[in-house]
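Here the structure comes first, spelled out in structure tokens, and everything after it is commentary.
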Amino acid sequence: MNQMITVALVDDHVLLRNSLAKIINNFEGYTVSIQADNGQHFIDQVTNNNKPDLVLLDISMPVMDGFDTAAWIKEKLSETKVLVLSMIDSETSIIRMINLGVSGFILKDSKPAVLKNAFDHIIEKGFFSNDLVSNTMVHYVNKTSKSKSDKSSLLSAKEREFIKYACTELTYKEIAGEMGTSPRNIDMYRDQVFEKLELKSRVGLVIYAIREGFVQI
């Protein structure tokens, strides 16, 4: 890296944030430029001359949470990358954040070496892939990866409809209600879609659907 990468820490836990700042400032090529208790505090500190290259973002915060903050960054700071740091690893939260354009996820109990590795991957490749989202994120972010669009021709109309609902925050039971069918049929659609597209999780399906244009972010 020829110049310092600036990092913003957005987390309401002051002790954790201060500890992270010390760790990150010891990473070669990185410096913490902003520390904020929540999304609004972060926005208040961002100026034309203080736009960070990377935001380490918590999800659960008062005043303005990680979801709203990620949405603001996507709209206002299109060049800024976001790495989600949280103890929340629910499928719904990950799907929502993927739709907001974040570049990766990391748990708060991760070791400093894992955090540094995540930073490096995001800066160099545009994404960080781990067990939370699986390697399917690579296929979404890497525009040169081989497309699976030829397999989409195998999908039925109902399966395509299911995919669009699966990319929302609805539970499978709620999707069944929206589609006017039974939860058992939804399970069948899910299993058939996973098999046809060679996917293993709902998160992987969301990433596929975004990359192939089934939904827009």
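Chains: A, B, ... in order of the structure tokens. Residues: from 1 per chain. Ligands: from 1, in order shown.
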
Val193 of chain A surroundings by only C-alpha atoms, 9 Å radius, close-in-sequence under 6 positions cut, as number ranges by chain: A: 155, 159-160, 162-163, 199, 205

Every residue of segment 39-171 of chain A that DSSP places in alpha helix (DSSP H), as JSON, numbers by chain: {"A": [39, 40, 41, 42, 43, 44, 45, 66, 67, 68, 69, 70, 71, 72, 73, 74, 75, 76, 91, 92, 93, 94, 95, 96, 97, 98, 99, 112, 113, 114, 115, 116, 117, 118, 119, 120, 121, 122, 123, 124, 125, 136, 137, 138, 139, 140, 141, 157, 158, 159, 160, 161, 162, 163, 164, 165, 166]}

Selection near Cys167 of chain A, 9 Å with only C-alpha atoms, sequence-local residues under 4 positions removed, as a list in words: Ile95, Arg96, Asn99, Phe162, Ile163, Arg202, Val203, Leu205, Val206, Ile207, Ala209, Ile210 and Val215 of chain A

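With only C-alpha atoms as the atoms that count, the residue of A:Thr31, A:Ser152, A:Pro62, A:Val10 with the shortest distance to Val84 of chain A is A:Val10.
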
Using only C-alpha atoms: which of A:Ile59, A:Ala70, A:Met188, A:Ala36 has the shortest distance to Ser93 of chain A: A:Ile59

Arg190 of chain A environment, 12 Å, only C-alpha atoms, sequence neighbours closer than 3 positions dropped, as number ranges by chain: A: 155-156, 158-166, 172, 175-176, 183-187, 193-202, 205
